[in-house]
$ cat start.txt   # compact mmCIF, C-alpha atoms
# COMPACT_ATOMS: atom_id res chain seq x y z
CA MET M 1 59.25 -90.56 50.84
CA ALA M 2 58.24 -91.70 47.37
CA GLU M 3 55.34 -89.25 47.29
CA HIS M 4 57.66 -86.39 48.29
CA LEU M 5 60.14 -87.24 45.54
CA ALA M 6 57.33 -87.45 42.99
CA SER M 7 55.97 -84.05 44.06
CA ILE M 8 59.32 -82.25 43.59
CA PHE M 9 60.37 -84.09 40.41
CA GLY M 10 61.50 -81.61 37.76
CA THR M 11 61.32 -78.60 40.11
CA GLU M 12 64.02 -76.43 41.65
CA LYS M 13 63.75 -78.49 44.85
CA ASP M 14 64.77 -81.61 42.95
CA ARG M 15 68.51 -82.01 43.61
CA VAL M 16 68.83 -85.06 41.38
CA ASN M 17 67.04 -84.25 38.10
CA CYS M 18 67.66 -81.09 36.07
CA PRO M 19 64.52 -78.89 36.08
CA PHE M 20 65.54 -76.96 32.95
CA TYR M 21 66.06 -80.10 30.90
CA PHE M 22 62.72 -81.42 32.14
CA LYS M 23 60.86 -78.22 31.14
CA ILE M 24 62.78 -77.13 28.04
CA GLY M 25 64.61 -80.21 26.83
CA ALA M 26 67.90 -78.28 26.88
CA CYS M 27 70.35 -77.16 29.56
CA ARG M 28 73.06 -74.50 29.37
CA HIS M 29 75.49 -76.79 31.21
CA GLY M 30 75.01 -79.64 28.75
CA ASP M 31 76.75 -82.86 29.75
CA ARG M 32 78.59 -80.98 32.51
CA CYS M 33 75.35 -80.42 34.44
CA SER M 34 75.47 -81.68 38.04
CA ARG M 35 71.92 -83.04 37.75
CA LEU M 36 70.55 -85.83 35.62
CA HIS M 37 69.12 -85.32 32.15
CA ASN M 38 66.51 -88.05 31.79
CA ARG M 39 66.30 -88.52 28.05
CA PRO M 40 62.95 -90.08 27.06
CA THR M 41 62.95 -93.26 25.02
CA ILE M 42 59.63 -92.27 23.42
CA SER M 43 57.80 -88.95 23.23
CA PRO M 44 55.36 -87.11 20.92
CA THR M 45 57.88 -84.22 20.79
CA LEU M 46 61.12 -84.02 18.82
CA LEU M 47 63.92 -81.49 19.30
CA LEU M 48 65.89 -80.46 16.22
CA SER M 49 68.87 -78.74 17.82
CA ASN M 50 70.21 -75.44 16.35
CA MET M 51 68.42 -76.09 13.07
CA TYR M 52 67.15 -72.60 12.24
CA GLN M 53 69.92 -70.27 11.05
CA ARG M 54 68.63 -66.73 11.24
CA PRO M 55 70.11 -64.19 8.78
CA ASP M 56 71.20 -61.94 11.67
CA MET M 57 72.90 -64.76 13.57
CA ILE M 58 75.96 -62.77 14.67
CA THR M 59 74.29 -59.47 15.59
CA PRO M 60 70.50 -59.06 15.80
CA GLY M 61 69.21 -56.87 12.99
CA VAL M 62 72.53 -56.88 11.09
CA ASP M 63 73.77 -59.29 8.41
CA ALA M 64 77.23 -60.89 8.18
CA GLN M 65 78.57 -57.89 6.23
CA GLY M 66 77.45 -55.47 8.94
CA GLN M 67 74.52 -54.09 6.94
CA PRO M 68 71.12 -53.58 8.63
CA ILE M 69 68.40 -56.00 7.60
CA ASP M 70 64.79 -55.02 7.09
CA PRO M 71 62.68 -56.75 9.82
CA ARG M 72 60.20 -57.78 7.13
CA LYS M 73 62.97 -59.65 5.31
CA ILE M 74 63.89 -61.44 8.54
CA GLN M 75 60.27 -62.47 9.09
CA GLU M 76 59.92 -63.58 5.48
CA HIS M 77 63.09 -65.68 5.80
CA PHE M 78 61.74 -67.29 8.97
CA GLU M 79 58.30 -68.07 7.53
CA ASP M 80 59.89 -69.67 4.45
CA PHE M 81 61.87 -71.92 6.77
CA TYR M 82 58.81 -72.66 8.92
CA ASP M 83 56.69 -73.57 5.90
CA ASP M 84 59.42 -75.80 4.50
CA ILE M 85 59.94 -77.67 7.78
CA PHE M 86 56.23 -78.07 8.43
CA GLU M 87 55.57 -79.52 4.99
CA GLU M 88 58.37 -82.07 5.41
CA LEU M 89 57.50 -83.14 8.98
CA SER M 90 53.75 -83.35 8.32
CA LYS M 91 54.45 -86.34 6.06
CA PHE M 92 54.86 -88.45 9.20
CA GLY M 93 51.63 -87.43 10.96
CA GLU M 94 49.51 -84.63 12.28
CA ILE M 95 51.52 -81.84 13.92
CA GLU M 96 50.11 -80.44 17.15
CA SER M 97 52.62 -77.59 17.41
CA LEU M 98 55.84 -76.43 15.79
CA ASN M 99 57.93 -73.96 17.80
CA VAL M 100 61.19 -72.26 16.82
CA CYS M 101 63.31 -70.57 19.49
CA ASP M 102 64.44 -66.97 19.09
CA ASN M 103 66.98 -67.32 21.91
CA LEU M 104 70.69 -66.55 21.43
CA ALA M 105 72.27 -68.88 24.01
CA ASP M 106 74.25 -71.77 22.51
CA HIS M 107 72.01 -74.50 23.91
CA MET M 108 68.80 -72.90 22.56
CA ILE M 109 69.63 -70.87 19.48
CA GLY M 110 67.68 -72.10 16.46
CA ASN M 111 66.09 -75.00 18.33
CA VAL M 112 63.01 -76.44 16.63
CA TYR M 113 60.41 -78.34 18.66
CA VAL M 114 57.81 -80.36 16.79
CA GLN M 115 55.02 -82.10 18.68
CA PHE M 116 53.05 -84.78 16.88
CA ARG M 117 49.62 -86.02 17.79
CA GLU M 118 50.85 -89.58 18.33
CA GLU M 119 54.10 -90.90 19.74
CA ASP M 120 54.57 -93.42 16.92
CA GLN M 121 54.42 -90.54 14.41
CA ALA M 122 57.29 -88.81 16.22
CA ALA M 123 59.24 -92.07 16.23
CA ALA M 124 58.77 -92.45 12.47
CA ALA M 125 59.92 -88.87 11.89
CA LEU M 126 62.99 -89.38 14.10
CA GLN M 127 64.01 -92.48 12.18
CA ALA M 128 63.57 -90.72 8.84
CA LEU M 129 65.64 -87.69 9.89
CA GLN M 130 68.71 -89.71 10.87
CA GLY M 131 71.64 -88.87 8.59
CA ARG M 132 69.78 -86.10 6.73
CA PHE M 133 70.95 -82.54 6.05
CA TYR M 134 69.24 -79.16 5.81
CA SER M 135 70.95 -76.21 4.09
CA GLY M 136 74.21 -78.15 4.12
CA ARG M 137 74.11 -78.81 7.87
CA PRO M 138 73.34 -82.18 9.53
CA ILE M 139 70.00 -82.48 11.32
CA ILE M 140 70.46 -83.35 15.00
CA ALA M 141 67.13 -84.80 16.18
CA ASP M 142 66.14 -86.52 19.39
CA PHE M 143 63.10 -87.13 21.58
CA SER M 144 62.29 -84.26 23.92
CA PRO M 145 60.66 -84.44 27.38
CA VAL M 146 58.70 -81.25 26.66
CA THR M 147 54.97 -81.91 26.37
CA ASP M 148 53.56 -78.65 27.78
CA PHE M 149 55.00 -75.59 26.06
CA ARG M 150 53.16 -73.26 28.41
CA GLU M 151 55.66 -74.23 31.11
CA ALA M 152 58.61 -73.95 28.73
CA THR M 153 57.96 -70.53 27.21
CA CYS M 154 58.91 -67.18 28.73
CA ARG M 155 55.78 -65.28 29.75
CA GLN M 156 57.67 -61.98 29.99
CA TYR M 157 58.80 -62.37 26.39
CA GLU M 158 55.20 -62.83 25.27
CA GLU M 159 54.39 -59.58 27.11
CA ASN M 160 57.49 -57.82 25.65
CA SER M 161 58.91 -57.35 29.13
CA CYS M 162 61.73 -59.95 29.39
CA ASN M 163 64.88 -58.19 30.64
CA ARG M 164 67.16 -61.18 29.94
CA GLY M 165 66.90 -60.74 26.19
CA GLY M 166 67.98 -63.57 23.92
CA TYR M 167 69.94 -65.22 26.73
CA CYS M 168 66.85 -66.10 28.76
CA ASN M 169 66.73 -69.73 29.90
CA PHE M 170 63.09 -70.10 28.82
CA MET M 171 61.85 -70.31 25.24
CA HIS M 172 61.39 -67.16 23.23
CA VAL M 173 59.14 -68.62 20.54
CA LYS M 174 59.14 -66.89 17.17
CA VAL M 175 55.65 -66.09 15.90
CA ILE M 176 54.42 -66.75 12.38
CA GLY M 177 51.83 -64.68 10.55
CA ARG M 178 48.13 -65.36 10.76
CA GLU M 179 47.81 -66.34 7.12
CA LEU M 180 50.58 -68.93 7.35
CA ARG M 181 49.15 -70.37 10.56
CA ARG M 182 45.73 -70.72 8.95
CA LYS M 183 47.30 -72.33 5.89
CA LEU M 184 49.36 -74.90 7.81
CA PHE M 185 47.24 -75.72 10.85
CA GLY M 186 43.73 -74.95 9.67
CA ARG M 187 43.48 -77.88 7.27
CA HIS M 188 44.38 -80.40 10.00
CA ARG M 189 42.01 -79.12 12.69
CA ARG M 190 38.97 -80.28 10.71
CA TYR M 191 39.95 -83.94 11.10
CA ARG M 192 40.81 -83.93 14.80
CA GLY M 193 37.46 -85.21 15.97
CA SER M 194 37.61 -88.33 13.80
CA ARG M 195 41.16 -89.42 14.66
CA SER M 196 41.93 -91.54 17.68
CA ARG M 197 44.50 -90.56 20.27
CA SER M 198 47.42 -92.73 21.24
CA ARG M 199 46.90 -95.23 24.03
CA SER M 200 49.12 -93.22 26.39
CA ALA M 201 48.04 -89.58 26.24
CA SER M 202 50.68 -87.00 27.07
CA PRO M 203 50.45 -84.98 30.32
CA ARG M 204 49.57 -81.88 28.33
CA HIS M 205 46.52 -83.63 26.81
CA ARG M 206 45.39 -84.89 30.20
CA ARG M 207 45.73 -81.47 31.83
CA GLU M 208 43.84 -79.71 29.04
CA ARG M 209 41.05 -82.32 29.15
CA GLU M 210 40.73 -82.01 32.95
CA TYR M 211 40.73 -78.21 32.67
CA ARG M 212 37.93 -78.23 30.09
CA GLU M 213 35.83 -80.59 32.23
CA LYS M 214 36.29 -78.43 35.32
CA SER M 215 35.41 -75.30 33.32
CA ARG M 216 32.17 -76.87 32.13
CA ASP M 217 31.26 -77.83 35.69
CA ARG M 218 31.94 -74.30 36.92
CA ASP M 219 29.85 -72.81 34.12
CA ARG M 220 26.91 -75.02 35.03
CA ASP M 221 27.20 -74.09 38.71
CA ASP M 222 27.48 -70.37 37.95
CA HIS M 223 24.19 -70.45 36.03
CA ARG M 224 22.18 -71.86 38.92
CA ASP M 225 20.68 -70.02 41.88
CA ARG M 226 20.52 -71.15 45.50
CA ASN M 227 17.53 -73.38 44.82
CA GLY M 228 19.43 -75.20 42.06
CA ARG M 229 17.38 -73.59 39.28
CA ARG M 230 18.73 -71.71 36.33
CA PRO M 231 17.72 -68.03 36.59
CA ASP M 232 16.84 -67.75 32.92
CA ARG M 233 14.08 -70.34 33.37
CA ASP M 234 11.92 -67.70 35.06
CA ARG M 235 12.26 -65.07 32.37
CA TYR M 236 9.13 -63.90 30.63
CA ASP M 237 8.70 -64.33 26.95
CA ARG M 238 7.85 -60.80 25.90
CA GLU M 239 6.10 -61.85 22.75
CA SER M 240 3.70 -64.40 24.16
CA GLY M 241 3.68 -63.41 27.84
CA SER M 242 4.22 -67.05 28.85
CA ARG M 243 6.90 -68.14 31.29
CA ARG M 244 9.35 -70.24 29.34
CA LYS M 245 13.10 -70.42 28.78
CA HIS M 246 14.30 -68.46 25.76
CA GLY M 247 15.17 -70.67 22.88
CA SER M 248 13.33 -73.71 24.25
CA PRO M 249 10.38 -75.20 22.36
CA ARG M 250 6.88 -74.34 23.54
CA ARG M 251 5.16 -77.00 25.54
CA SER M 252 1.99 -78.37 24.00
CA ARG M 253 -0.94 -77.73 26.31
CA SER M 254 -4.40 -79.28 26.10
CA PRO M 255 -7.14 -76.74 25.25
CA PRO M 256 -9.14 -75.45 28.29
CA PRO M 257 -12.61 -76.94 28.79
CA ALA M 258 -15.55 -74.98 27.36
CA ARG M 259 -17.37 -72.80 29.94
CA GLU M 260 -20.97 -73.82 30.86
CA GLY M 261 -23.86 -71.47 30.28
CA SER M 262 -26.03 -70.05 33.13
CA GLU M 263 -28.95 -72.42 32.40
CA GLU M 264 -26.68 -75.46 32.48
CA ARG M 265 -25.21 -74.35 35.81
CA ARG M 266 -28.70 -73.82 37.37
CA ALA M 267 -29.82 -77.28 36.17
CA ARG M 268 -26.66 -78.85 37.67
CA ILE M 269 -27.26 -77.06 41.02
CA GLU M 270 -30.88 -78.21 41.17
CA GLN M 271 -29.74 -81.79 40.49
CA TRP M 272 -27.21 -81.58 43.38
CA ASN M 273 -29.94 -80.28 45.72
CA ARG M 274 -32.31 -83.13 44.82
CA GLU M 275 -29.56 -85.72 45.39
CA ARG M 276 -28.77 -84.17 48.78
CA GLU M 277 -32.46 -84.22 49.87
CA GLU M 278 -32.82 -87.87 48.83
CA LYS M 279 -29.80 -88.81 50.96
CA VAL M 280 -31.27 -87.03 54.00
$ encode --input "start.txt" --output "structure tokens"
Amino acid sequence: MAEHLASIFGTEKDRVNCPFYFKIGACRHGDRCSRLHNRPTISPTLLLSNMYQRPDMITPGVDAQGQPIDPRKIQEHFEDFYDDIFEELSKFGEIESLNVCDNLADHMIGNVYVQFREEDQAAAALQALQGRFYSGRPIIADFSPVTDFREATCRQYEENSCNRGGYCNFMHVKVIGRELRRKLFGRHRRYRGSRSRSRSASPRHRREREYREKSRDRDRDDHRDRNGRRPDRDRYDRESGSRRKHGSPRRSRSPPPAREGSEERRARIEQWNREREEKV
């Protein structure tokens, strides 16, 4: 029974826990939901609810006065916000990902999800954000159960084929430009190898690590033939004509023994014949 409950936890078959809150950290029913919202007491991810106020909040592509807005101005406004938020939150630790929802539903509009590398960094950021304001509005921050954004985002939206529009129940993540991404995230990636992970790695980290290990095993198996040998070991080196693996160092071989002359061979044969006659 316990194994069955664990296998359906956070899925549509789970009649006790809300699957949308488990995957997205938000539910359209809010506190009126018939299923439980298990709020984490610690998490590497924070949710800043309804924080981003887009300039076309009332009608997409149109400002409050009813005038059309240039899409480039909307993107510039968003990237200014993204840069500002990233710079402030990065004071508390390394940011793994920062996602801003482009959804229009009340429970998702303007939601900002920030995932830190360590849980204690998220806890420090949450404590610092209590009672603070942004653009004259209070910041509503809390721990989020979301640790794998691949399960939270709308795949159809990424393929420009979502027919639910802004009222989709999965995340429509706004995309920043390449230059801004390189500026914000590129400088942190260099130090990843030297920093230790938290004692309790998140499920997303564990899944990615297991996936990479399985991929390496498959790659090694794919490069071996039925006899367990790598096929490129039997390739010929065109330059030298020797059988060796490309890119591998040449093996040092001892020089072949010098060939005997005809006189030396005849003398050796005569010696063998004399020894044979003496034995007989």
$ closest_residue --input "start.txt" --among "M:Pro55, M:Arg32, M:Gln271, M:Ala122" --to "M:Asp70" --atoms "all atoms listed in the file"
M:Pro55
$ closest_residue --input "start.txt" --among "M:Arg181, M:Arg54, M:Arg39, M:Arg268" --to "M:Phe81" --atoms "only C-alpha atoms"
M:Arg54
$ closest_residue --input "start.txt" --among "M:Gln121, M:Glu278, M:Leu98, M:Asp63" --to "M:Ile85" --atoms "only C-alpha atoms"
M:Leu98
$ atom_distance --input "start.txt" --atom1 "atom CA of M:Phe185" --atom2 "atom CA of M:Glu88"
13.9 Å
$ residues_around --input "start.txt" --residues "M:Val100" --least-positions-apart "6" --cutoff "12 Å" --atoms "all atoms listed in the file" --output "ChimeraX atom specification"
/M:46-54,78-79,81-83,85-86,108-115,149,153,171-176
$ atom_distance --input "start.txt" --atom1 "atom CA of M:His107" --atom2 "atom CA of M:Phe20"
11.4 Å
$ atom_distance --input "start.txt" --atom1 "atom CA of M:Arg28" --atom2 "atom CA of M:Phe170"
10.9 Å
